[in-house]
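Containing compact mmCIF, C-alpha atoms and all ligand atoms: coords_36.txt.
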```
# COMPACT_ATOMS: atom_id res chain seq x y z
CA MET Q 552 -4.94 19.82 -0.68
CA ASP Q 553 -1.84 20.48 1.39
CA VAL Q 554 -1.96 18.87 4.77
CA PRO Q 555 -0.17 20.95 7.36
CA LEU Q 556 2.53 19.26 9.37
CA ARG Q 557 1.21 18.89 12.89
CA GLY Q 558 3.07 18.71 16.15
CA TYR Q 559 4.61 15.50 17.37
CA ALA Q 560 3.60 13.90 20.62
CA GLU Q 561 4.73 10.97 22.68
CA PRO Q 562 4.61 8.04 22.68
CA ALA Q 563 5.40 7.86 18.96
CA LEU Q 564 8.35 10.21 18.86
CA SER Q 565 9.58 13.50 20.19
CA ALA Q 566 11.49 14.58 17.06
CA PRO Q 567 11.53 13.19 13.52
CA PRO Q 568 14.50 10.93 12.78
CA ASP Q 569 17.25 12.22 10.47
CA TRP Q 570 16.49 9.77 7.68
CA LEU Q 571 13.00 11.19 7.32
CA GLY Q 572 14.34 14.61 6.35
CA GLY Q 573 11.02 16.47 6.08
CA ARG Q 574 9.27 13.66 4.21
CA LEU Q 575 6.60 13.12 6.85
CA GLU Q 576 3.11 14.57 6.37
CA VAL Q 577 0.67 14.35 9.23
CA ALA Q 578 -3.04 14.74 8.57
CA PRO Q 579 -5.50 15.42 11.36
CA ASP Q 580 -7.82 12.52 10.49
CA PRO Q 581 -8.24 9.60 8.05
CA ALA Q 582 -10.41 11.60 5.64
CA ARG Q 583 -7.82 14.34 5.22
CA LEU Q 584 -5.08 11.71 5.05
CA ALA Q 585 -6.91 10.09 2.13
CA GLU Q 586 -7.16 13.45 0.34
CA ALA Q 587 -3.42 14.04 0.79
CA VAL Q 588 -2.65 10.62 -0.70
CA VAL Q 589 -5.00 11.29 -3.62
CA ASP Q 590 -3.27 14.63 -4.29
CA ARG Q 591 -0.09 12.69 -4.94
CA LEU Q 592 -1.77 9.91 -6.89
CA LEU Q 593 -3.49 12.41 -9.18
CA ALA Q 594 -0.23 14.24 -9.86
CA VAL Q 595 1.27 10.96 -11.06
CA LEU Q 596 -1.84 9.90 -12.99
CA ARG Q 597 -1.88 13.22 -14.89
CA ALA Q 598 1.73 12.83 -16.05
CA SER Q 599 2.40 11.66 -19.57
CA PRO Q 600 4.06 9.33 -20.28
CA ARG Q 601 3.60 7.58 -16.98
CA ARG Q 602 4.87 4.40 -15.40
CA PRO Q 603 2.66 1.79 -13.74
CA LEU Q 604 1.19 2.53 -10.34
CA GLY Q 605 1.86 0.10 -7.51
CA LEU Q 606 -1.29 -0.43 -5.47
CA ALA Q 607 -2.15 -1.98 -2.12
CA THR Q 608 -5.25 -3.35 -0.45
CA GLY Q 609 -6.35 -3.25 3.18
CA ARG Q 610 -8.50 -1.01 5.31
CA THR Q 611 -6.08 1.90 5.11
CA MET Q 612 -6.65 2.07 1.37
CA GLU Q 613 -10.44 2.00 1.41
CA PRO Q 614 -10.89 5.74 2.14
CA VAL Q 615 -8.03 6.48 -0.26
CA TYR Q 616 -9.73 4.66 -3.13
CA ALA Q 617 -13.12 6.21 -2.26
CA ALA Q 618 -11.55 9.68 -2.43
CA LEU Q 619 -9.69 8.83 -5.64
CA VAL Q 620 -12.91 7.66 -7.31
CA ARG Q 621 -14.81 10.73 -6.15
CA ARG Q 622 -12.16 13.13 -7.39
CA LEU Q 623 -11.61 11.35 -10.71
CA LEU Q 624 -15.34 11.28 -11.41
CA ALA Q 625 -15.54 15.00 -10.63
CA LEU Q 626 -12.96 15.84 -13.31
CA PRO Q 627 -14.13 17.16 -16.67
CA PRO Q 628 -14.41 14.19 -19.09
CA LEU Q 629 -11.55 15.48 -21.24
CA GLU Q 630 -9.23 15.33 -18.24
CA ARG Q 631 -10.58 12.08 -16.84
CA GLN Q 632 -10.66 10.05 -20.03
CA PRO Q 633 -6.89 9.87 -20.71
CA ILE Q 634 -6.24 8.96 -17.08
CA LEU Q 635 -8.65 6.04 -17.18
CA ALA Q 636 -7.79 4.92 -20.72
CA GLY Q 637 -4.07 4.85 -19.91
CA TRP Q 638 -4.48 3.07 -16.57
CA CYS Q 639 -1.85 0.48 -15.66
CA SER Q 640 -1.44 -0.73 -12.09
CA PHE Q 641 0.11 -3.69 -10.32
CA ASN Q 642 -1.06 -4.74 -6.88
CA LEU Q 643 1.38 -5.91 -4.29
CA ASP Q 644 -0.08 -9.22 -3.32
CA GLU Q 645 -2.78 -11.86 -3.37
CA TYR Q 646 -3.78 -14.84 -1.24
CA VAL Q 647 -2.88 -18.26 -2.60
CA GLY Q 648 -5.89 -20.47 -3.22
CA LEU Q 649 -8.53 -17.77 -3.59
CA ASP Q 650 -10.37 -17.43 -6.86
CA PRO Q 651 -10.37 -13.82 -8.12
CA ALA Q 652 -14.17 -14.11 -7.99
CA ASP Q 653 -14.02 -14.87 -4.26
CA PRO Q 654 -15.15 -11.68 -2.50
CA ARG Q 655 -12.34 -12.12 0.06
CA SER Q 656 -9.61 -12.01 -2.61
CA PHE Q 657 -7.62 -8.83 -3.19
CA ALA Q 658 -8.69 -9.05 -6.84
CA ALA Q 659 -12.31 -8.70 -5.73
CA ALA Q 660 -11.40 -5.80 -3.45
CA MET Q 661 -9.82 -3.97 -6.36
CA ARG Q 662 -12.88 -4.58 -8.51
CA ARG Q 663 -15.15 -3.19 -5.77
CA HIS Q 664 -13.06 -0.17 -4.91
CA LEU Q 665 -11.62 0.91 -8.27
CA VAL Q 666 -12.44 -1.11 -11.37
CA GLU Q 667 -16.22 -0.98 -11.14
CA PRO Q 668 -16.68 2.58 -9.82
CA LEU Q 669 -14.26 3.98 -12.41
CA GLY Q 670 -15.21 1.66 -15.27
CA LEU Q 671 -11.55 0.63 -15.67
CA ASP Q 672 -10.49 -2.11 -18.04
CA PRO Q 673 -9.98 -5.03 -15.60
CA ALA Q 674 -6.96 -6.13 -17.65
CA ALA Q 675 -5.22 -2.85 -16.71
CA VAL Q 676 -5.44 -3.65 -12.98
CA HIS Q 677 -2.94 -6.45 -12.44
CA LEU Q 678 -2.69 -8.78 -9.45
CA PRO Q 679 -0.87 -12.06 -8.90
CA ASP Q 680 -3.02 -15.08 -9.78
CA GLY Q 681 -3.94 -16.71 -6.48
CA LEU Q 682 -5.06 -19.85 -8.30
CA ALA Q 683 -1.79 -20.42 -10.17
CA GLY Q 684 -0.77 -24.09 -9.93
CA ASP Q 685 2.78 -23.11 -9.00
CA PRO Q 686 2.63 -19.98 -6.79
CA SER Q 687 6.42 -19.54 -6.73
CA ARG Q 688 6.53 -19.51 -10.51
CA GLU Q 689 3.58 -17.11 -10.57
CA ALA Q 690 5.46 -14.77 -8.22
CA HIS Q 691 8.44 -14.85 -10.56
CA LEU Q 692 6.29 -14.26 -13.66
CA TYR Q 693 4.46 -11.41 -11.91
CA ALA Q 694 7.72 -9.62 -11.08
CA ALA Q 695 8.78 -10.09 -14.70
CA ALA Q 696 5.49 -8.54 -15.85
CA VAL Q 697 6.11 -5.52 -13.62
CA ALA Q 698 9.59 -5.12 -15.07
CA ALA Q 699 8.33 -5.57 -18.65
CA ALA Q 700 5.79 -2.78 -18.05
CA GLY Q 701 8.64 -0.44 -17.11
CA GLY Q 702 8.74 -0.97 -13.33
CA ILE Q 703 6.66 0.81 -10.73
CA GLY Q 704 6.60 4.61 -10.82
CA LEU Q 705 4.72 5.37 -7.60
CA GLN Q 706 4.22 2.58 -5.06
CA LEU Q 707 1.38 2.97 -2.55
CA LEU Q 708 1.95 1.00 0.66
CA GLY Q 709 0.08 0.26 3.85
CA LEU Q 710 1.88 -0.93 6.97
CA GLY Q 711 1.14 -4.19 8.74
CA ALA Q 712 0.98 -4.15 12.53
CA ASN Q 713 4.01 -6.47 12.50
CA GLY Q 714 5.94 -4.15 10.16
CA HIS Q 715 5.19 -5.96 6.91
CA VAL Q 716 4.75 -4.15 3.61
CA GLY Q 717 2.92 -6.10 0.97
CA PHE Q 718 3.17 -9.54 2.52
CA ASN Q 719 6.88 -9.26 3.27
CA GLU Q 720 6.57 -10.82 6.68
CA PRO Q 721 9.30 -10.54 9.33
CA PRO Q 722 12.05 -11.60 9.27
CA CYS Q 723 12.77 -10.22 5.81
CA GLY Q 724 15.89 -8.78 4.25
CA PRO Q 725 16.02 -5.81 1.88
CA ALA Q 726 16.84 -7.92 -1.19
CA ALA Q 727 13.88 -10.31 -0.86
CA SER Q 728 12.24 -10.59 -4.26
CA SER Q 729 8.76 -11.51 -5.40
CA ARG Q 730 7.80 -14.88 -3.95
CA CYS Q 731 5.29 -17.12 -2.25
CA VAL Q 732 5.27 -16.49 1.51
CA ARG Q 733 3.77 -18.14 4.57
CA LEU Q 734 1.68 -15.62 6.52
CA THR Q 735 2.43 -15.17 10.20
CA PRO Q 736 -0.30 -15.85 12.79
CA ALA Q 737 -0.22 -12.08 13.55
CA THR Q 738 -1.11 -11.27 9.94
CA GLN Q 739 -3.81 -13.94 9.85
CA ARG Q 740 -5.32 -12.30 12.94
CA GLN Q 741 -4.95 -8.81 11.46
CA ASN Q 742 -6.77 -9.80 8.27
CA ALA Q 743 -9.37 -12.11 9.84
CA ALA Q 744 -12.20 -9.58 9.55
CA ALA Q 745 -12.58 -10.34 5.85
CA PHE Q 746 -12.82 -14.05 6.72
CA GLY Q 747 -15.72 -13.95 9.16
CA GLY Q 748 -13.39 -12.98 12.01
CA ASP Q 749 -11.69 -16.39 11.99
CA PRO Q 750 -7.87 -16.20 11.69
CA ALA Q 751 -7.77 -19.90 10.78
CA ALA Q 752 -9.88 -19.14 7.70
CA VAL Q 753 -7.24 -16.71 6.37
CA PRO Q 754 -5.09 -18.47 3.76
CA GLU Q 755 -1.69 -19.56 5.00
CA LEU Q 756 0.12 -18.62 1.80
CA ALA Q 757 0.27 -15.51 -0.35
CA ILE Q 758 2.16 -14.18 -3.35
CA THR Q 759 3.84 -10.85 -2.79
CA LEU Q 760 6.14 -8.48 -4.58
CA GLY Q 761 9.37 -8.43 -2.62
CA LEU Q 762 11.15 -5.58 -0.93
CA ALA Q 763 13.54 -5.66 -3.89
CA GLU Q 764 10.76 -4.77 -6.37
CA ILE Q 765 9.13 -2.30 -3.97
CA ARG Q 766 12.43 -0.50 -3.41
CA ARG Q 767 12.95 -0.24 -7.17
CA ALA Q 768 9.94 2.13 -7.45
CA ASP Q 769 10.77 5.76 -8.16
CA ALA Q 770 8.57 6.97 -5.32
CA ILE Q 771 6.96 5.26 -2.34
CA LEU Q 772 3.99 6.54 -0.34
CA LEU Q 773 3.74 4.71 2.95
CA VAL Q 774 0.30 5.43 4.40
CA VAL Q 775 -0.38 4.75 8.08
CA SER Q 776 -3.72 5.37 9.75
CA GLY Q 777 -5.35 4.76 13.10
CA PRO Q 778 -4.29 4.17 16.70
CA ALA Q 779 -3.70 0.44 16.19
CA LYS Q 780 -0.69 1.35 14.03
CA ALA Q 781 0.89 3.72 16.58
CA PRO Q 782 3.20 1.04 18.06
CA VAL Q 783 4.57 -0.12 14.71
CA LEU Q 784 4.87 3.42 13.35
CA GLY Q 785 6.72 4.40 16.51
CA ARG Q 786 9.12 1.49 15.90
CA LEU Q 787 9.63 2.51 12.28
CA LEU Q 788 10.49 6.06 13.31
CA ARG Q 789 12.84 5.01 16.10
CA GLU Q 790 14.56 1.82 14.98
CA PRO Q 791 17.33 1.42 12.40
CA PRO Q 792 16.73 -0.95 9.46
CA HIS Q 793 16.51 -4.59 10.52
CA ALA Q 794 14.90 -7.80 9.34
CA ASP Q 795 12.28 -7.98 12.09
CA LEU Q 796 10.72 -4.75 10.84
CA PRO Q 797 10.54 -5.18 7.03
CA ALA Q 798 9.25 -1.63 6.41
CA SER Q 799 12.43 -0.29 7.99
CA TRP Q 800 14.34 -1.23 4.80
CA LEU Q 801 12.47 1.62 3.09
CA GLN Q 802 14.15 4.22 5.28
CA GLY Q 803 16.99 4.83 2.85
CA HIS Q 804 14.76 5.12 -0.22
CA PRO Q 805 15.22 8.58 -1.75
CA GLY Q 806 11.62 8.73 -2.95
CA LEU Q 807 9.96 7.66 0.30
CA ARG Q 808 7.22 9.80 1.85
CA LEU Q 809 5.31 8.90 4.98
CA LEU Q 810 1.71 10.06 5.09
CA VAL Q 811 0.11 9.40 8.45
CA ASP Q 812 -2.78 10.59 10.55
CA GLU Q 813 -2.45 11.91 14.08
CA ALA Q 814 -3.90 8.77 15.60
CA ALA Q 815 -1.19 6.63 13.96
CA LEU Q 816 1.46 8.99 15.23
CA GLY Q 817 0.09 8.70 18.74
CA ALA Q 818 -0.60 12.44 18.64
CA ARG Q 819 -3.56 14.05 20.32
CA ALA Q 820 -6.53 14.58 18.07
CA SER Q 821 -6.92 18.29 17.37
CA GLY Q 822 -9.44 20.24 15.37
C1 LIG J 1 -2.16 -6.37 4.53
C2 LIG J 1 -1.66 -6.28 3.08
C3 LIG J 1 -0.90 -5.04 2.89
C4 LIG J 1 -1.62 -3.94 3.67
C5 LIG J 1 -1.33 -4.14 5.12
C6 LIG J 1 -2.08 -3.19 6.05
O1 LIG J 1 -2.07 -7.62 5.07
N1 LIG J 1 -0.92 -7.38 2.58
O2 LIG J 1 -0.76 -4.74 1.52
O3 LIG J 1 -1.14 -2.70 3.26
O4 LIG J 1 -1.52 -5.49 5.45
O5 LIG J 1 -3.44 -3.52 6.10
P1 LIG J 1 -4.55 -2.56 6.74
O6 LIG J 1 -4.55 -1.33 5.91
O7 LIG J 1 -5.85 -3.32 6.63
O8 LIG J 1 -4.14 -2.29 8.13
```
Represent the structure of the file as structure tokens.
Amino acid sequence: MDVPLRGYAEPALSAPPDWLGGRLEVAPDPARLAEAVVDRLLAVLRASPRRPLGLATGRTMEPVYAALVRRLLALPPLERQPILAGWCSFNLDEYVGLDPADPRSFAAAMRRHLVEPLGLDPAAVHLPDGLAGDPSREAHLYAAAVAAAGGIGLQLLGLGANGHVGFNEPPCGPAASSRCVRLTPATQRQNAAAFGGDPAAVPELAITLGLAEIRRADAILLVVSGPAKAPVLGRLLREPPHADLPASWLQGHPGLRLLVDEAALGARASG
């Protein structure tokens, strides 16, 4: 489904910045945003041979994965089967100290949203091991596994309210590689809902792919949804690349596309 480009409105921006060069798609609502993301995911999943997918977690991705499951399950079996049998994805990040069986882990989220509904081989859906004894070494090994699998073809990204992608918390330079990071209080607050609403219950450490690995992907889909993201999206569209806004280092990526809904753009809702 093609999502028509809608008008821009303050406060987000009055005209798209030069670096965006027509690579912004604006959907009227989160449901149609999810369909637009799935259009692009399916195009990549149908290609053969194909490189690993880079996947993200978070609330932005929940409608995306629901739409992806629905549309994959609606395909004729002869089309669906090679897509599922050839699945290979690498998630961006995982909390340190959470067992993959813990329902609050990103591993559990991936099982709920993709592995179980699609009947995927769990071994084809990779995430960092949050229980690794040495998280820094695990981060290094995980990046090596991504590289050994051929590197990321299409990287799906959400946007943190503080400008993080993955768990690349500000300040962060463009060459930061896969590592163990300390989460900022802002991120602990943002993700507290999955931890009974208590920011102090959110793990302090996480393993994340770095901006270096993310920027090595052929294509990047940055998906931004909802009015709470309007301030950070506005910053991304207005500010030049700098360390306090990690997502801004994606601006120069030739394969970047921004898929957003009107609420995230600060645009009026329209029917
Ligand atoms: C989280 C994750 C990111 C995610 C982002 C946005 O903390 N580490 O991978 O994309 O922040 O999350 P949400 O979609 O819930 O707003």
Enumerate, in order of chain and increasing residue number, the residues of chain Q with an atom no farther than 8 Å from ligand LIG 1 (chain J), each with its shortest atom pair and distance in Å to one decimal, counting all atoms listed in the file, as a tab-separated table.
```
residue	atom	partner	partner_atom	distance
Q:Ala607	CA	J:LIG1	O2	4.8
Q:Thr608	CA	J:LIG1	O2	5.1
Q:Gly609	CA	J:LIG1	O7	3.5
Q:Arg610	CA	J:LIG1	O7	3.8
Q:Thr611	CA	J:LIG1	O6	3.7
Q:Met612	CA	J:LIG1	O6	6.0
Q:Leu643	CA	J:LIG1	O2	6.3
Q:Asp644	CA	J:LIG1	N1	6.2
Q:Glu645	CA	J:LIG1	N1	7.7
Q:Leu708	CA	J:LIG1	O3	5.5
Q:Gly709	CA	J:LIG1	O3	3.3
Q:Leu710	CA	J:LIG1	C6	4.7
Q:Gly711	CA	J:LIG1	C6	4.3
Q:Ala712	CA	J:LIG1	O8	7.0
Q:His715	CA	J:LIG1	O4	6.9
Q:Val716	CA	J:LIG1	C3	5.8
Q:Gly717	CA	J:LIG1	O2	4.0
Q:Phe718	CA	J:LIG1	N1	4.6
Q:Thr738	CA	J:LIG1	O1	6.2
Q:Gln741	CA	J:LIG1	O1	7.1
Q:Asn742	CA	J:LIG1	O1	6.1
Q:Thr759	CA	J:LIG1	N1	8.0
Q:Val775	CA	J:LIG1	O6	7.7
Q:Ser776	CA	J:LIG1	O6	7.8
Q:Lys780	CA	J:LIG1	O8	7.7
```
* **For stretch 687-689 of chain Q: contacts at 10 Å, only C-alpha atoms, fewer than 6 positions along chain excluded, given as JSON, numbers by chain** => {"Q": [679, 680, 681, 695, 729, 730, 731, 732, 757, 758, 759]}
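Atom CA of Q:Asp812 is positioned 6.9 Å from atom CA of Q:Gly777.
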* **Separation of atom CA of Q:Arg789 from atom CA of Q:Pro568 in Å** =>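 Here the two named atoms are 7.0 Å from each other.
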* **Contact residues around Q:Ala700 with all atoms listed in the file at 9 Å, ignoring same-chain residues under 6 positions, as a ChimeraX atom specification** => /Q:602-603,639
Please dump the current selection as a PDB file, keeping the file's coordinate frame; keep C-alpha atoms.
```pdb
ATOM      1  CA  ARG Q 602       4.870   4.400 -15.400  1.00  0.00           C
ATOM      2  CA  PRO Q 603       2.660   1.790 -13.740  1.00  0.00           C
ATOM      3  CA  CYS Q 639      -1.850   0.480 -15.660  1.00  0.00           C
TER       4      CYS Q 639
END
```
* Pick from Q:Pro654, Q:Pro567, Q:Pro600, Q:Gly573: nearest to Q:Phe746, with only C-alpha atoms counted? -> Q:Pro654
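Among the candidates Q:Gly648, Q:Pro736, Q:Gly670, Q:Pro792, the residue lying nearest to Q:Ile634 is Q:Gly670 (atoms considered: all atoms listed in the file).
If you count all atoms listed in the file and ignore residues fewer than 3 places along the chain from Q:Leu682, what sits within 7 Å of it is Val647, Gly648, Leu649 and Asp650 of chain Q.
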Restrict the selected residues to C-alpha atoms and save them as a compact mmCIF listing (two decimals), keeping the file's coordinate frame.
```
# COMPACT_ATOMS: atom_id res chain seq x y z
CA VAL Q 647 -2.88 -18.26 -2.60
CA GLY Q 648 -5.89 -20.47 -3.22
CA LEU Q 649 -8.53 -17.77 -3.59
CA ASP Q 650 -10.37 -17.43 -6.86
```
* **Who sits within 8 Å of stretch 658-661 of chain Q, all atoms listed in the file, same chain under 5 positions skipped, as a list in words** =>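 With the cut-off at 8 Å, the set is Thr608, Glu645, Pro651, Ala652, Asp653, Val666, Val676 and Leu678 of chain Q.
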* Within 12 Å of Q:Ala594 using only C-alpha atoms, minus same-chain residues under 2 positions, as an MDAnalysis selection string -> chainID Q and resid 552 587:592 596:599 601 604 619 623 634 704:705
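Atom pair atom CA of Q:Val811 / atom CA of Q:Ile765: separated by 19.3 Å.
Of the residues listed (Q:Arg583, Q:Asp769, Q:Glu790, Q:Ala617), Q:Asp769 shows the shortest atom-to-atom separation from Q:Gly702; distances use only C-alpha atoms.
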* **Selected residue, from Q:Ala779, Q:Ala698, Q:Leu787, Q:Leu606, that lies nearest to Q:Phe657 when counting all atoms listed in the file** =>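 Using all atoms listed in the file, Q:Phe657 sits closest to Q:Leu606.
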May I ask you to restore N, CA, C and O atoms in stretch 696-719 of chain Q and write the result as a PDB file, in the coordinates of the input?
```pdb
ATOM      1  N   ALA Q 696       6.505  -9.379 -15.193  1.00  0.00           N
ATOM      2  CA  ALA Q 696       5.490  -8.540 -15.850  1.00  0.00           C
ATOM      3  C   ALA Q 696       5.620  -7.082 -15.397  1.00  0.00           C
ATOM      4  O   ALA Q 696       5.468  -6.150 -16.197  1.00  0.00           O
ATOM      5  N   VAL Q 697       5.893  -6.890 -14.121  1.00  0.00           N
ATOM      6  CA  VAL Q 697       6.110  -5.520 -13.620  1.00  0.00           C
ATOM      7  C   VAL Q 697       7.307  -4.897 -14.340  1.00  0.00           C
ATOM      8  O   VAL Q 697       7.234  -3.765 -14.839  1.00  0.00           O
ATOM      9  N   ALA Q 698       8.382  -5.649 -14.424  1.00  0.00           N
ATOM     10  CA  ALA Q 698       9.590  -5.120 -15.070  1.00  0.00           C
ATOM     11  C   ALA Q 698       9.324  -4.835 -16.550  1.00  0.00           C
ATOM     12  O   ALA Q 698       9.746  -3.797 -17.078  1.00  0.00           O
ATOM     13  N   ALA Q 699       8.597  -5.750 -17.220  1.00  0.00           N
ATOM     14  CA  ALA Q 699       8.330  -5.570 -18.650  1.00  0.00           C
ATOM     15  C   ALA Q 699       7.453  -4.343 -18.904  1.00  0.00           C
ATOM     16  O   ALA Q 699       7.520  -3.732 -19.972  1.00  0.00           O
ATOM     17  N   ALA Q 700       6.648  -3.971 -17.910  1.00  0.00           N
ATOM     18  CA  ALA Q 700       5.790  -2.780 -18.050  1.00  0.00           C
ATOM     19  C   ALA Q 700       6.546  -1.503 -17.702  1.00  0.00           C
ATOM     20  O   ALA Q 700       5.961  -0.416 -17.691  1.00  0.00           O
ATOM     21  N   GLY Q 701       7.830  -1.637 -17.374  1.00  0.00           N
ATOM     22  CA  GLY Q 701       8.640  -0.440 -17.110  1.00  0.00           C
ATOM     23  C   GLY Q 701       8.970  -0.234 -15.649  1.00  0.00           C
ATOM     24  O   GLY Q 701       9.628   0.737 -15.282  1.00  0.00           O
ATOM     25  N   GLY Q 702       8.493  -1.146 -14.777  1.00  0.00           N
ATOM     26  CA  GLY Q 702       8.740  -0.970 -13.330  1.00  0.00           C
ATOM     27  C   GLY Q 702       7.740   0.006 -12.736  1.00  0.00           C
ATOM     28  O   GLY Q 702       7.080   0.755 -13.454  1.00  0.00           O
ATOM     29  N   ILE Q 703       7.651  -0.029 -11.419  1.00  0.00           N
ATOM     30  CA  ILE Q 703       6.660   0.810 -10.730  1.00  0.00           C
ATOM     31  C   ILE Q 703       7.160   2.258 -10.657  1.00  0.00           C
ATOM     32  O   ILE Q 703       8.311   2.512 -10.305  1.00  0.00           O
ATOM     33  N   GLY Q 704       6.283   3.199 -10.997  1.00  0.00           N
ATOM     34  CA  GLY Q 704       6.600   4.610 -10.820  1.00  0.00           C
ATOM     35  C   GLY Q 704       6.366   5.007  -9.368  1.00  0.00           C
ATOM     36  O   GLY Q 704       7.288   5.210  -8.600  1.00  0.00           O
ATOM     37  N   LEU Q 705       5.086   5.057  -8.981  1.00  0.00           N
ATOM     38  CA  LEU Q 705       4.720   5.370  -7.600  1.00  0.00           C
ATOM     39  C   LEU Q 705       4.139   4.129  -6.938  1.00  0.00           C
ATOM     40  O   LEU Q 705       3.199   3.528  -7.465  1.00  0.00           O
ATOM     41  N   GLN Q 706       4.709   3.743  -5.807  1.00  0.00           N
ATOM     42  CA  GLN Q 706       4.220   2.580  -5.060  1.00  0.00           C
ATOM     43  C   GLN Q 706       3.463   3.055  -3.813  1.00  0.00           C
ATOM     44  O   GLN Q 706       4.028   3.748  -2.968  1.00  0.00           O
ATOM     45  N   LEU Q 707       2.207   2.674  -3.729  1.00  0.00           N
ATOM     46  CA  LEU Q 707       1.380   2.970  -2.550  1.00  0.00           C
ATOM     47  C   LEU Q 707       1.514   1.786  -1.598  1.00  0.00           C
ATOM     48  O   LEU Q 707       1.364   0.633  -2.011  1.00  0.00           O
ATOM     49  N   LEU Q 708       1.761   2.072  -0.324  1.00  0.00           N
ATOM     50  CA  LEU Q 708       1.950   1.000   0.660  1.00  0.00           C
ATOM     51  C   LEU Q 708       1.175   1.266   1.929  1.00  0.00           C
ATOM     52  O   LEU Q 708       1.154   2.400   2.434  1.00  0.00           O
ATOM     53  N   GLY Q 709       0.556   0.221   2.470  1.00  0.00           N
ATOM     54  CA  GLY Q 709       0.080   0.260   3.850  1.00  0.00           C
ATOM     55  C   GLY Q 709       1.149  -0.375   4.732  1.00  0.00           C
ATOM     56  O   GLY Q 709       2.175  -0.856   4.241  1.00  0.00           O
ATOM     57  N   LEU Q 710       0.904  -0.382   6.022  1.00  0.00           N
ATOM     58  CA  LEU Q 710       1.880  -0.930   6.970  1.00  0.00           C
ATOM     59  C   LEU Q 710       1.181  -1.953   7.854  1.00  0.00           C
ATOM     60  O   LEU Q 710       0.178  -1.632   8.503  1.00  0.00           O
ATOM     61  N   GLY Q 711       1.698  -3.171   7.853  1.00  0.00           N
ATOM     62  CA  GLY Q 711       1.140  -4.190   8.740  1.00  0.00           C
ATOM     63  C   GLY Q 711       1.522  -3.906  10.187  1.00  0.00           C
ATOM     64  O   GLY Q 711       2.559  -3.292  10.453  1.00  0.00           O
ATOM     65  N   ALA Q 712       0.692  -4.369  11.108  1.00  0.00           N
ATOM     66  CA  ALA Q 712       0.980  -4.150  12.530  1.00  0.00           C
ATOM     67  C   ALA Q 712       2.296  -4.811  12.940  1.00  0.00           C
ATOM     68  O   ALA Q 712       2.915  -4.414  13.935  1.00  0.00           O
ATOM     69  N   ASN Q 713       2.728  -5.817  12.190  1.00  0.00           N
ATOM     70  CA  ASN Q 713       4.010  -6.470  12.500  1.00  0.00           C
ATOM     71  C   ASN Q 713       5.147  -5.905  11.641  1.00  0.00           C
ATOM     72  O   ASN Q 713       6.235  -6.473  11.590  1.00  0.00           O
ATOM     73  N   GLY Q 714       4.885  -4.803  10.949  1.00  0.00           N
ATOM     74  CA  GLY Q 714       5.940  -4.150  10.160  1.00  0.00           C
ATOM     75  C   GLY Q 714       6.035  -4.640   8.733  1.00  0.00           C
ATOM     76  O   GLY Q 714       6.929  -4.236   8.002  1.00  0.00           O
ATOM     77  N   HIS Q 715       5.074  -5.499   8.299  1.00  0.00           N
ATOM     78  CA  HIS Q 715       5.190  -5.960   6.910  1.00  0.00           C
ATOM     79  C   HIS Q 715       4.731  -4.869   5.940  1.00  0.00           C
ATOM     80  O   HIS Q 715       3.933  -3.998   6.283  1.00  0.00           O
ATOM     81  N   VAL Q 716       5.276  -4.922   4.738  1.00  0.00           N
ATOM     82  CA  VAL Q 716       4.750  -4.150   3.610  1.00  0.00           C
ATOM     83  C   VAL Q 716       4.493  -5.161   2.504  1.00  0.00           C
ATOM     84  O   VAL Q 716       5.282  -6.083   2.307  1.00  0.00           O
ATOM     85  N   GLY Q 717       3.380  -4.993   1.775  1.00  0.00           N
ATOM     86  CA  GLY Q 717       2.920  -6.100   0.970  1.00  0.00           C
ATOM     87  C   GLY Q 717       2.699  -7.255   1.934  1.00  0.00           C
ATOM     88  O   GLY Q 717       2.160  -7.064   3.034  1.00  0.00           O
ATOM     89  N   PHE Q 718       3.173  -8.433   1.554  1.00  0.00           N
ATOM     90  CA  PHE Q 718       3.170  -9.540   2.520  1.00  0.00           C
ATOM     91  C   PHE Q 718       4.600  -9.967   2.822  1.00  0.00           C
ATOM     92  O   PHE Q 718       4.891 -11.143   3.003  1.00  0.00           O
ATOM     93  N   ASN Q 719       5.496  -8.977   2.881  1.00  0.00           N
ATOM     94  CA  ASN Q 719       6.880  -9.260   3.270  1.00  0.00           C
ATOM     95  C   ASN Q 719       6.921  -9.356   4.792  1.00  0.00           C
ATOM     96  O   ASN Q 719       7.114  -8.358   5.500  1.00  0.00           O
TER      97      ASN Q 719
END
```
